[in-house]
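Enquirer: File structure_27.txt follows (compact mmCIF, C-alpha atoms and all ligand atoms):
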```txt
# COMPACT_ATOMS: atom_id res chain seq x y z
CA MET T 1 28.72 -19.44 308.48
CA ALA T 2 32.11 -19.39 306.84
CA ASN T 3 34.05 -18.33 303.81
CA ILE T 4 34.32 -20.43 300.65
CA THR T 5 37.74 -21.42 299.34
CA LEU T 6 38.43 -22.92 295.93
CA GLN T 7 41.93 -24.26 295.49
CA GLN T 8 43.35 -25.13 292.08
CA VAL T 9 40.05 -26.43 290.78
CA ASN T 10 40.09 -28.08 287.32
CA ARG T 11 37.56 -29.69 285.02
CA SER T 12 37.82 -30.66 281.35
CA PHE T 13 35.30 -32.04 278.85
CA GLY T 14 37.33 -33.80 276.16
CA SER T 15 39.73 -31.19 274.81
CA VAL T 16 37.83 -28.26 276.43
CA HIS T 17 39.43 -27.07 279.66
CA ALA T 18 36.12 -25.72 281.05
CA VAL T 19 37.56 -24.70 284.45
CA ASP T 20 41.28 -24.08 284.32
CA ASN T 21 43.08 -24.08 287.65
CA ILE T 22 40.86 -21.65 289.54
CA SER T 23 41.72 -20.54 293.07
CA LEU T 24 39.68 -17.95 294.92
CA THR T 25 38.20 -17.10 298.31
CA ILE T 26 34.70 -15.75 298.89
CA ALA T 27 34.05 -14.03 302.22
CA ASP T 28 31.23 -14.95 304.58
CA GLY T 29 28.13 -12.96 303.61
CA GLU T 30 29.60 -11.77 300.34
CA PHE T 31 27.64 -11.39 297.09
CA PHE T 32 30.15 -12.80 294.62
CA THR T 33 29.50 -12.86 290.87
CA LEU T 34 31.03 -15.04 288.17
CA LEU T 35 30.89 -12.99 284.98
CA GLY T 36 32.04 -13.87 281.49
CA PRO T 37 31.00 -14.68 277.93
CA SER T 38 29.10 -17.81 276.95
CA GLY T 39 31.16 -20.97 277.36
CA CYS T 40 33.78 -19.50 279.72
CA GLY T 41 33.01 -22.05 282.47
CA LYS T 42 30.69 -20.17 284.87
CA THR T 43 28.03 -22.87 285.12
CA THR T 44 30.59 -25.65 285.41
CA LEU T 45 32.31 -23.85 288.30
CA LEU T 46 29.00 -23.15 290.07
CA ARG T 47 27.87 -26.77 289.63
CA MET T 48 31.12 -27.94 291.19
CA VAL T 49 30.35 -25.86 294.28
CA ALA T 50 26.77 -27.20 294.33
CA GLY T 51 27.89 -30.81 293.90
CA PHE T 52 26.31 -31.38 290.48
CA ALA T 53 29.68 -31.65 288.69
CA ASP T 54 32.83 -33.45 289.78
CA LEU T 55 36.23 -31.85 290.18
CA GLU T 56 39.13 -33.42 288.33
CA THR T 57 41.64 -31.91 290.71
CA GLY T 58 41.47 -29.31 293.46
CA GLU T 59 39.52 -28.72 296.65
CA ILE T 60 36.51 -26.70 297.75
CA ARG T 61 36.05 -25.75 301.40
CA PHE T 62 33.30 -24.04 303.40
CA GLY T 63 35.29 -22.68 306.31
CA GLY T 64 37.78 -25.37 307.23
CA ARG T 65 35.45 -28.14 306.07
CA ARG T 66 36.18 -29.84 302.77
CA ILE T 67 32.91 -30.21 300.84
CA ASP T 68 33.85 -31.26 297.30
CA THR T 69 33.90 -34.88 298.44
CA LEU T 70 30.34 -34.65 299.86
CA PRO T 71 27.17 -35.41 297.86
CA ALA T 72 25.15 -32.33 296.82
CA HIS T 73 22.43 -32.70 299.50
CA ARG T 74 25.03 -32.64 302.30
CA ARG T 75 26.71 -29.39 301.23
CA ASN T 76 24.02 -27.07 302.58
CA THR T 77 23.71 -25.01 299.40
CA GLY T 78 20.53 -23.78 297.74
CA MET T 79 20.54 -23.52 293.96
CA VAL T 80 18.44 -21.40 291.62
CA PHE T 81 18.49 -22.39 287.94
CA GLN T 82 18.04 -20.30 284.81
CA ASN T 83 14.97 -22.26 283.68
CA TYR T 84 13.48 -22.24 287.24
CA ALA T 85 13.13 -26.08 287.24
CA ILE T 86 9.72 -25.81 288.93
CA PHE T 87 7.69 -29.06 289.00
CA PRO T 88 4.54 -28.26 286.96
CA ASN T 89 2.49 -31.01 288.65
CA LEU T 90 3.06 -29.64 292.17
CA LYS T 91 1.42 -26.55 293.64
CA VAL T 92 3.67 -23.63 294.55
CA GLY T 93 3.75 -24.53 298.25
CA GLU T 94 4.63 -28.15 297.44
CA ASN T 95 7.41 -27.03 295.12
CA VAL T 96 8.89 -25.01 297.96
CA ALA T 97 8.37 -27.87 300.43
CA TYR T 98 10.21 -30.33 298.20
CA GLY T 99 13.67 -29.96 299.72
CA LEU T 100 12.28 -30.18 303.26
CA ARG T 101 10.40 -33.40 302.52
CA ALA T 102 13.55 -34.87 301.00
CA ARG T 103 15.32 -33.95 304.26
CA LYS T 104 12.56 -35.62 306.33
CA VAL T 105 11.56 -32.45 308.17
CA PRO T 106 8.36 -33.07 310.20
CA GLY T 107 5.04 -31.94 308.65
CA PRO T 108 4.02 -29.00 310.89
CA LYS T 109 7.53 -27.60 310.68
CA ILE T 110 7.37 -27.83 306.85
CA ALA T 111 4.18 -25.73 306.67
CA GLU T 112 5.75 -23.07 308.87
CA ARG T 113 8.98 -22.87 306.89
CA VAL T 114 7.24 -22.88 303.49
CA ALA T 115 5.00 -20.02 304.63
CA SER T 116 7.97 -18.03 305.82
CA ALA T 117 9.98 -18.67 302.61
CA LEU T 118 7.00 -17.58 300.49
CA ARG T 119 6.67 -14.44 302.61
CA LEU T 120 10.36 -13.66 301.97
CA VAL T 121 9.77 -13.62 298.21
CA LYS T 122 6.43 -11.80 298.54
CA LEU T 123 4.29 -14.77 297.47
CA ALA T 124 2.58 -15.40 300.82
CA GLU T 125 -0.82 -15.67 299.12
CA HIS T 126 0.27 -17.93 296.26
CA GLY T 127 1.07 -21.26 297.97
CA ASP T 128 -2.09 -22.92 296.65
CA ARG T 129 -1.65 -21.90 293.03
CA TRP T 130 -0.39 -24.08 290.23
CA PRO T 131 2.86 -23.01 288.55
CA HIS T 132 1.08 -22.31 285.23
CA GLN T 133 -0.99 -19.66 287.04
CA LEU T 134 2.13 -17.59 287.81
CA SER T 135 4.07 -15.04 285.76
CA GLY T 136 7.75 -15.54 284.86
CA GLY T 137 8.87 -13.25 287.65
CA GLN T 138 6.68 -15.06 290.18
CA LEU T 139 8.02 -18.44 289.04
CA GLN T 140 11.55 -17.19 289.57
CA ARG T 141 10.54 -16.11 293.09
CA VAL T 142 9.22 -19.62 293.76
CA ALA T 143 12.58 -21.00 292.65
CA ILE T 144 14.33 -18.64 295.08
CA ALA T 145 11.94 -19.60 297.92
CA ARG T 146 12.63 -23.25 297.21
CA ALA T 147 16.38 -22.66 297.44
CA LEU T 148 16.09 -20.59 300.65
CA VAL T 149 13.62 -22.82 302.52
CA ILE T 150 16.33 -25.31 303.45
CA GLU T 151 18.21 -22.42 305.14
CA PRO T 152 21.38 -22.99 303.14
CA GLU T 153 24.77 -21.60 304.11
CA VAL T 154 25.33 -20.58 300.50
CA LEU T 155 22.91 -19.48 297.80
CA LEU T 156 23.94 -20.36 294.24
CA LEU T 157 22.22 -18.65 291.31
CA ASP T 158 22.87 -19.50 287.66
CA GLU T 159 21.60 -16.70 285.36
CA PRO T 160 18.35 -16.58 287.35
CA LEU T 161 16.95 -13.58 285.47
CA SER T 162 17.79 -14.31 281.85
CA ASN T 163 14.26 -15.47 280.96
CA LEU T 164 12.64 -12.26 282.20
CA ASP T 165 12.05 -9.05 280.26
CA ALA T 166 14.42 -6.13 280.76
CA GLN T 167 12.36 -4.13 283.26
CA LEU T 168 11.56 -7.13 285.43
CA ARG T 169 15.23 -8.15 285.40
CA VAL T 170 16.21 -4.81 286.87
CA GLU T 171 13.50 -5.08 289.54
CA MET T 172 14.30 -8.68 290.46
CA ARG T 173 18.05 -8.16 290.68
CA GLY T 174 17.40 -5.49 293.30
CA GLU T 175 15.12 -7.87 295.19
CA ILE T 176 17.68 -10.67 295.13
CA ARG T 177 20.36 -8.32 296.42
CA GLN T 178 18.06 -7.06 299.21
CA LEU T 179 17.11 -10.56 300.22
CA GLN T 180 20.76 -11.64 300.32
CA GLN T 181 21.62 -8.61 302.47
CA SER T 182 18.77 -9.07 304.92
CA LEU T 183 19.55 -12.79 305.37
CA GLY T 184 23.30 -12.14 305.51
CA ILE T 185 23.78 -15.22 303.33
CA THR T 186 26.80 -15.86 301.07
CA ALA T 187 25.76 -15.84 297.41
CA ILE T 188 27.51 -16.91 294.22
CA TYR T 189 25.74 -15.43 291.22
CA VAL T 190 26.40 -16.32 287.59
CA THR T 191 25.65 -13.90 284.77
CA HIS T 192 27.01 -12.78 281.42
CA ASP T 193 25.38 -9.35 281.83
CA GLN T 194 28.02 -6.87 282.96
CA GLU T 195 25.53 -4.23 284.09
CA GLU T 196 23.72 -6.77 286.28
CA ALA T 197 27.04 -7.82 287.80
CA LEU T 198 28.07 -4.22 288.49
CA ALA T 199 24.69 -3.40 290.03
CA ILE T 200 24.45 -6.11 292.66
CA SER T 201 27.87 -7.59 293.48
CA ASP T 202 30.28 -7.02 296.32
CA ARG T 203 32.97 -8.51 294.09
CA ILE T 204 33.09 -9.81 290.55
CA ALA T 205 35.31 -12.50 289.04
CA VAL T 206 35.65 -12.01 285.29
CA MET T 207 36.23 -15.37 283.58
CA ARG T 208 37.56 -16.13 280.12
CA GLN T 209 38.06 -19.59 278.65
CA GLY T 210 37.98 -21.31 282.01
CA ARG T 211 40.40 -18.91 283.68
CA LEU T 212 40.08 -15.97 286.04
CA GLU T 213 40.89 -12.77 284.21
CA GLN T 214 40.37 -10.39 287.17
CA ILE T 215 38.70 -10.32 290.59
CA GLY T 216 37.64 -7.07 292.21
CA ALA T 217 34.90 -4.74 293.41
CA PRO T 218 32.62 -3.46 290.60
CA ASP T 219 34.21 -0.02 290.64
CA ASP T 220 37.67 -1.54 290.47
CA ILE T 221 36.89 -3.86 287.56
CA TYR T 222 35.24 -1.07 285.60
CA ARG T 223 37.76 1.69 286.25
CA ARG T 224 40.95 -0.32 286.53
CA PRO T 225 40.56 -3.29 284.20
CA ALA T 226 43.58 -5.59 284.39
CA THR T 227 43.49 -6.61 280.72
CA PRO T 228 42.09 -5.32 277.42
CA PHE T 229 39.58 -8.19 277.52
CA VAL T 230 38.14 -6.96 280.84
CA ALA T 231 38.13 -3.34 279.62
CA GLU T 232 36.01 -4.28 276.59
CA PHE T 233 33.82 -6.82 278.34
CA MET T 234 32.83 -4.39 281.11
CA GLY T 235 31.21 -1.87 278.77
CA THR T 236 31.97 0.31 275.79
CA THR T 237 35.49 1.66 275.68
CA ASN T 238 38.09 3.15 273.37
CA LEU T 239 40.79 0.51 273.17
CA LEU T 240 43.71 2.12 271.37
CA MET T 241 47.27 1.16 270.47
CA GLY T 242 50.17 3.56 270.22
CA THR T 243 53.77 4.31 271.12
CA LEU T 244 55.07 6.05 274.21
CA ALA T 245 56.50 9.60 273.80
CA ALA T 246 57.53 12.70 275.80
CA GLN T 247 59.28 10.76 278.61
CA GLY T 248 56.35 8.47 279.12
CA THR T 249 53.75 11.23 279.50
CA ARG T 250 52.08 10.85 276.10
CA ILE T 251 50.98 8.04 273.80
CA LYS T 252 51.08 8.65 270.05
CA VAL T 253 48.19 7.05 268.18
CA GLY T 254 48.78 7.85 264.51
CA GLU T 255 49.19 11.66 264.50
CA THR T 256 47.20 12.16 267.70
CA GLU T 257 48.87 12.35 271.10
CA PHE T 258 47.07 11.29 274.27
CA GLY T 259 48.27 12.66 277.61
CA VAL T 260 48.59 9.84 280.16
CA PRO T 261 49.84 9.46 283.74
CA ARG T 262 53.62 9.18 283.54
CA LEU T 263 54.81 5.68 282.60
CA GLU T 264 58.21 4.19 283.43
CA ALA T 265 58.82 2.45 280.08
CA PRO T 266 61.17 4.04 277.48
CA ASP T 267 59.74 6.24 274.69
CA GLY T 268 58.97 4.23 271.57
CA THR T 269 57.51 1.30 273.53
CA ASN T 270 54.27 -0.05 272.02
CA VAL T 271 51.37 0.05 274.46
CA SER T 272 47.61 -0.37 274.38
CA PHE T 273 45.26 1.59 276.57
CA SER T 274 41.59 2.02 277.42
CA LEU T 275 39.70 5.29 277.78
CA ARG T 276 35.97 5.10 278.54
CA PRO T 277 33.58 7.21 276.42
CA GLU T 278 32.11 8.96 279.47
CA ALA T 279 35.59 10.11 280.52
CA LEU T 280 35.81 12.23 277.34
CA ARG T 281 34.13 15.60 277.62
CA PRO T 282 33.46 17.51 274.40
CA LEU T 283 34.60 21.14 274.67
CA ILE T 284 32.03 23.42 273.02
CA ASP T 285 33.33 26.43 271.00
CA ASP T 286 36.41 27.80 272.84
CA GLU T 287 35.53 26.31 276.22
CA ALA T 288 38.72 25.78 278.25
CA SER T 289 39.61 22.32 279.53
CA PRO T 290 39.68 21.78 283.30
CA GLN T 291 43.04 22.28 285.02
CA GLY T 292 45.39 19.32 284.58
CA TRP T 293 43.26 17.60 281.94
CA ALA T 294 44.52 16.46 278.55
CA VAL T 295 42.87 17.37 275.24
CA VAL T 296 42.55 15.42 271.97
CA ALA T 297 40.94 16.57 268.75
CA ALA T 298 38.82 14.40 266.48
CA LYS T 299 36.36 14.99 263.65
CA LEU T 300 32.73 14.51 264.64
CA THR T 301 31.18 11.76 262.51
CA ARG T 302 27.97 10.85 264.33
CA LEU T 303 25.69 12.05 267.08
CA GLU T 304 23.18 9.73 268.67
CA PHE T 305 20.66 11.40 270.97
CA LEU T 306 19.39 8.90 273.57
CA GLY T 307 17.47 11.20 275.87
CA ALA T 308 19.53 11.76 278.98
CA LEU T 309 22.67 10.62 277.21
CA THR T 310 24.15 11.56 273.85
CA ARG T 311 26.63 9.25 272.17
CA VAL T 312 29.27 10.91 270.06
CA GLU T 313 31.40 9.22 267.45
CA ALA T 314 34.44 10.99 266.12
CA SER T 315 37.36 10.08 263.94
CA LEU T 316 41.03 10.53 264.90
CA SER T 317 43.43 11.96 262.31
CA HIS T 318 44.38 8.52 261.00
CA GLY T 319 40.74 7.41 260.85
CA ALA T 320 40.49 5.34 264.05
CA PRO T 321 37.16 5.96 265.83
CA LEU T 322 36.90 7.75 269.17
CA ARG T 323 33.67 7.27 271.13
CA ALA T 324 32.39 9.67 273.75
CA ALA T 325 29.17 9.79 275.75
CA TRP T 326 27.89 12.81 277.59
CA LEU T 327 24.86 14.00 279.54
CA ASP T 328 23.04 17.17 278.48
CA LEU T 329 25.06 18.08 275.39
CA PRO T 330 24.03 21.37 273.70
CA LEU T 331 23.28 19.45 270.51
CA GLN T 332 22.44 22.47 268.37
CA ARG T 333 26.05 23.66 268.71
CA LEU T 334 27.56 20.43 267.40
CA HIS T 335 27.75 19.57 263.70
CA THR T 336 29.08 16.44 262.04
CA GLY T 337 32.26 17.22 260.15
CA ASP T 338 33.45 19.69 262.83
CA LEU T 339 36.83 19.17 264.43
CA LEU T 340 35.91 18.80 268.08
CA ARG T 341 38.20 18.94 271.12
CA PHE T 342 37.68 16.39 273.90
CA ALA T 343 39.06 16.92 277.40
CA TYR T 344 39.74 14.13 279.88
CA ASP T 345 41.46 13.51 283.16
CA PRO T 346 44.64 11.53 282.28
CA GLY T 347 43.99 9.48 285.43
CA ARG T 348 41.06 7.88 283.59
CA VAL T 349 43.41 6.22 281.09
CA THR T 350 44.27 2.57 281.82
CA VAL T 351 47.50 1.49 280.14
CA PHE T 352 48.19 -2.23 279.57
CA ALA T 353 51.75 -3.50 279.76
N1 LIG Y 1 28.54 -31.91 280.10
C1 LIG Y 1 29.37 -31.36 279.22
N2 LIG Y 1 29.93 -32.08 278.21
C2 LIG Y 1 30.78 -31.52 277.33
N3 LIG Y 1 31.17 -30.25 277.36
C3 LIG Y 1 30.66 -29.46 278.31
C4 LIG Y 1 29.74 -29.96 279.29
N4 LIG Y 1 29.40 -28.95 280.13
C5 LIG Y 1 30.09 -27.87 279.70
N5 LIG Y 1 30.85 -28.17 278.61
C6 LIG Y 1 31.75 -27.22 277.89
O1 LIG Y 1 32.53 -26.54 278.86
C7 LIG Y 1 32.66 -25.16 278.55
C8 LIG Y 1 32.11 -24.33 279.68
O2 LIG Y 1 30.72 -24.53 279.75
P1 LIG Y 1 29.80 -23.78 280.82
O3 LIG Y 1 28.42 -24.29 280.66
O4 LIG Y 1 30.42 -23.88 282.15
O5 LIG Y 1 29.90 -22.26 280.31
P2 LIG Y 1 29.08 -20.96 280.78
O6 LIG Y 1 30.10 -19.92 281.09
O7 LIG Y 1 28.12 -21.32 281.83
O8 LIG Y 1 28.32 -20.53 279.44
P3 LIG Y 1 26.84 -19.88 279.24
O9 LIG Y 1 27.00 -18.40 279.54
O10 LIG Y 1 26.56 -20.11 277.79
O11 LIG Y 1 25.89 -20.58 280.16
C9 LIG Y 1 31.93 -24.98 277.22
O12 LIG Y 1 32.88 -25.05 276.19
C10 LIG Y 1 30.97 -26.13 277.17
O13 LIG Y 1 30.68 -26.50 275.85
MG MG Y 2 26.02 -21.25 281.97
```
Do you think you could lay out the structure here as structure tokens?
Ligand SMILES: Nc1ncnc2c1ncn2[C@@H]1O[C@H](COP(=O)(O)OP(=O)(O)OP(=O)(O)O)[C@@H](O)[C@H]1O
Ligand SMILES: [Mg+2]
Expert:
Amino acid sequence: MANITLQQVNRSFGSVHAVDNISLTIADGEFFTLLGPSGCGKTTLLRMVAGFADLETGEIRFGGRRIDTLPAHRRNTGMVFQNYAIFPNLKVGENVAYGLRARKVPGPKIAERVASALRLVKLAEHGDRWPHQLSGGQLQRVAIARALVIEPEVLLLDEPLSNLDAQLRVEMRGEIRQLQQSLGITAIYVTHDQEEALAISDRIAVMRQGRLEQIGAPDDIYRRPATPFVAEFMGTTNLLMGTLAAQGTRIKVGETEFGVPRLEAPDGTNVSFSLRPEALRPLIDDEASPQGWAVVAAKLTRLEFLGALTRVEASLSHGAPLRAAWLDLPLQRLHTGDLLRFAYDPGRVTVFA
């Protein structure tokens, strides 16, 4: 097994630069996710690794070996598609056997490997069923077994869970992650669901309009977004604009000042910054803020009780909204229209240059 290197990979369709000069390295055994909005080039990039789409320029290597010049069936990748692409006229076992037959593996060996692939995805008893006799989740497992049965070096998955209902998606993403870990296989996973990406990836590449916006571990991407686009794409946030004040230790947004980690730029500089809702802690009555934290005041406009979590919407002095989210709020002590203080650790603010 080996790492995967993409070097200055490009692909256009007419005037659309679908993949725009992408270079990245994926480590051996890594679960690597391509994440981004619809049309940002995820599928195109994955298909170039699989061999289903040509590169205009650039190179792709598995270890030292250049593979972008090889046909798909010689790249040793297994691919799982969004729509499963299961043959309806073949039984489950035959669907899984398909890639082995194409590779001219001898009969007895095929039976053995199909059985073991079906065991991996917990469908050991289903080899003799027809696809229409399976549920959506089971069909997706067949698709995964079919990709794994050829013992690929790299598993490629393009939005494999998007046709499943929410609860099954959560279950299946855990199973895919577990399977990848136990096999120690390198996986490239495409999704536009940020929570899914955060839940299962070793690293995430956030894409936008064919380009890489940021690559990092889930925690990194969420807590230290490199751009306002990443900050907003990775979940709800307060994205605010203001001017630097107090020797770079505060940002003025309208009349409200936000304490921030000291910045080197001169006062008066325009900056934007992100502060996640869950970083803001409402202070009830005259509750003191924790040592070293900053405080902002905003008028409470809306409370949304969601069980474990309560979402709070407030309005800054010049009318801009401030969103907070908190566990176990004493709701009966909060009233819309109240001026509420919110405390936060200034370290949770991400300032964009
Ligand atoms: N065969 C094609 N012919 C023309 N344009 C294409 C083709 N394939 C992709 N594109 C365009 O390239 C861009 C990237 O498409 P791609 O399918 O890679 O996006 P994606 O990130 O996978 O989106 P989604 O989340 O909707 O699946 C889009 O603008 C798309 O319209
Ligand atoms: Mg796609």
Enquirer: Please determine, counting only C-alpha atoms and all ligand atoms, which residue among T:Val351, T:Ala102, T:Met234, T:Leu46 has the shortest atom-to-atom distance to ligand LIG 1 (chain Y).
Expert: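 Between T:Val351, T:Ala102, T:Met234, T:Leu46, the residue approaching ligand LIG 1 (chain Y) most closely is T:Leu46.
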Enquirer: Give as a ChimeraX atom specification the residues surrounding ligand MG 2 (chain Y) up to a distance of 12 Å, considering all atoms listed in the file.
Expert: /T:18,34-47,81-83,157-160,162,189-193,207,210
Enquirer: For region 298-305 of chain T, find every residue with an atom within 8 Å (counting only C-alpha atoms), except residues of its own chain fewer than 4 positions away, and show them as a PyMOL selection string.
Expert: chain T and resi 309-317+322+335-342
Enquirer: Kindly export the residues of the current selection with C-alpha atoms, as an mmCIF file, keeping the file's coordinate frame.
Expert:
```
data_model
loop_
_atom_site.group_PDB
_atom_site.id
_atom_site.type_symbol
_atom_site.label_atom_id
_atom_site.label_comp_id
_atom_site.auth_asym_id
_atom_site.auth_seq_id
_atom_site.Cartn_x
_atom_site.Cartn_y
_atom_site.Cartn_z
ATOM 1 C CA LEU T 309 22.670 10.620 277.210
ATOM 2 C CA THR T 310 24.150 11.560 273.850
ATOM 3 C CA ARG T 311 26.630 9.250 272.170
ATOM 4 C CA VAL T 312 29.270 10.910 270.060
ATOM 5 C CA GLU T 313 31.400 9.220 267.450
ATOM 6 C CA ALA T 314 34.440 10.990 266.120
ATOM 7 C CA SER T 315 37.360 10.080 263.940
ATOM 8 C CA LEU T 316 41.030 10.530 264.900
ATOM 9 C CA SER T 317 43.430 11.960 262.310
ATOM 10 C CA LEU T 322 36.900 7.750 269.170
ATOM 11 C CA HIS T 335 27.750 19.570 263.700
ATOM 12 C CA THR T 336 29.080 16.440 262.040
ATOM 13 C CA GLY T 337 32.260 17.220 260.150
ATOM 14 C CA ASP T 338 33.450 19.690 262.830
ATOM 15 C CA LEU T 339 36.830 19.170 264.430
ATOM 16 C CA LEU T 340 35.910 18.800 268.080
ATOM 17 C CA ARG T 341 38.200 18.940 271.120
ATOM 18 C CA PHE T 342 37.680 16.390 273.900
#
```
Enquirer: Which of these residues is nearest to ligand LIG 1 (chain Y), using only C-alpha atoms and all ligand atoms: T:Ile215, T:Ile221, T:Met48, T:Val80?
Expert: T:Met48
Enquirer: Record the distance separating CA of Gly184 (chain T) and CA of Ser23 (chain T), expressed in Å with one decimal.
Expert: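 Computed distance, CA of Gly184 (chain T) to CA of Ser23 (chain T), equals 23.8 Å.
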Enquirer: Let me make sure I understand: among T:His132, T:Val206, T:Asn89, T:Gln178, which one has the smallest atom-to-atom distance to ligand LIG 1 (chain Y) if we use all atoms listed in the file?
Expert: T:Val206
Enquirer: CA of Ala343 (chain T) to CA of Lys252 (chain T): how many Å, to one decimal?
Expert: 16.3 Å
Enquirer: So which residues touch Lys91 (chain T) within 9 Å, counting all atoms listed in the file, skipping near sequence neighbours fewer than 6 positions away, as a PDB file with C-alpha atoms, in the frame of the given file?
Expert:
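Everything below was put into result17.pdb:
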```pdb
ATOM      1  CA  GLY T 127       1.070 -21.260 297.970  1.00  0.00           C
ATOM      2  CA  ASP T 128      -2.090 -22.920 296.650  1.00  0.00           C
ATOM      3  CA  ARG T 129      -1.650 -21.900 293.030  1.00  0.00           C
ATOM      4  CA  TRP T 130      -0.390 -24.080 290.230  1.00  0.00           C
ATOM      5  CA  PRO T 131       2.860 -23.010 288.550  1.00  0.00           C
TER       6      PRO T 131
END
```
Enquirer: Could you give me the axis-aligned bounding box of ligand LIG 1 (chain Y), with 6 Å of padding per side, as centre plus edge lengths in Å to one decimal, as lines of an AutoDock Vina configuration file?
Expert:
```
center_x = 29.4
center_y = -25.2
center_z = 279.0
size_x = 19.0
size_y = 25.7
size_z = 18.3
```
Enquirer: Between T:Leu164, T:Ala27, T:Leu118, T:Leu244, which has the minimum distance to Ala143 (chain T) (counting all atoms listed in the file)?
Expert: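 The closest residue to Ala143 (chain T) is T:Leu118.
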Enquirer: For Leu70 (chain T), which of T:Asp54, T:Asp165, T:Asp28, T:Asp286 is the closest residue, counting only C-alpha atoms?
Expert: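 Ranking T:Asp54, T:Asp165, T:Asp28, T:Asp286 by distance to Leu70 (chain T), first place goes to T:Asp54.
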Enquirer: Identify which of the residues T:Leu212, T:Ile110, T:Ala288, T:Ala115 lies closest to ligand LIG 1 (chain Y), counting only C-alpha atoms and all ligand atoms when measuring atom-to-atom distances.
Expert: T:Leu212
Enquirer: Up to 9 Å from (33.4, 9.9, 278.8) in the file's coordinates: name the residues, counting all atoms listed in the file, as a list in words.
Expert: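 Within the cut-off we find Leu275, Arg276, Pro277, Glu278, Ala279, Leu280, Arg281, Pro282, Arg323, Ala324, Ala325, Trp326 and Tyr344 of chain T.
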Enquirer: Please list as an MDAnalysis selection string every residue within 7 Å of Gly63 (chain T), counting all atoms listed in the file and excluding residues in the same chain fewer than 4 positions away.
Expert: chainID T and resid 2:4
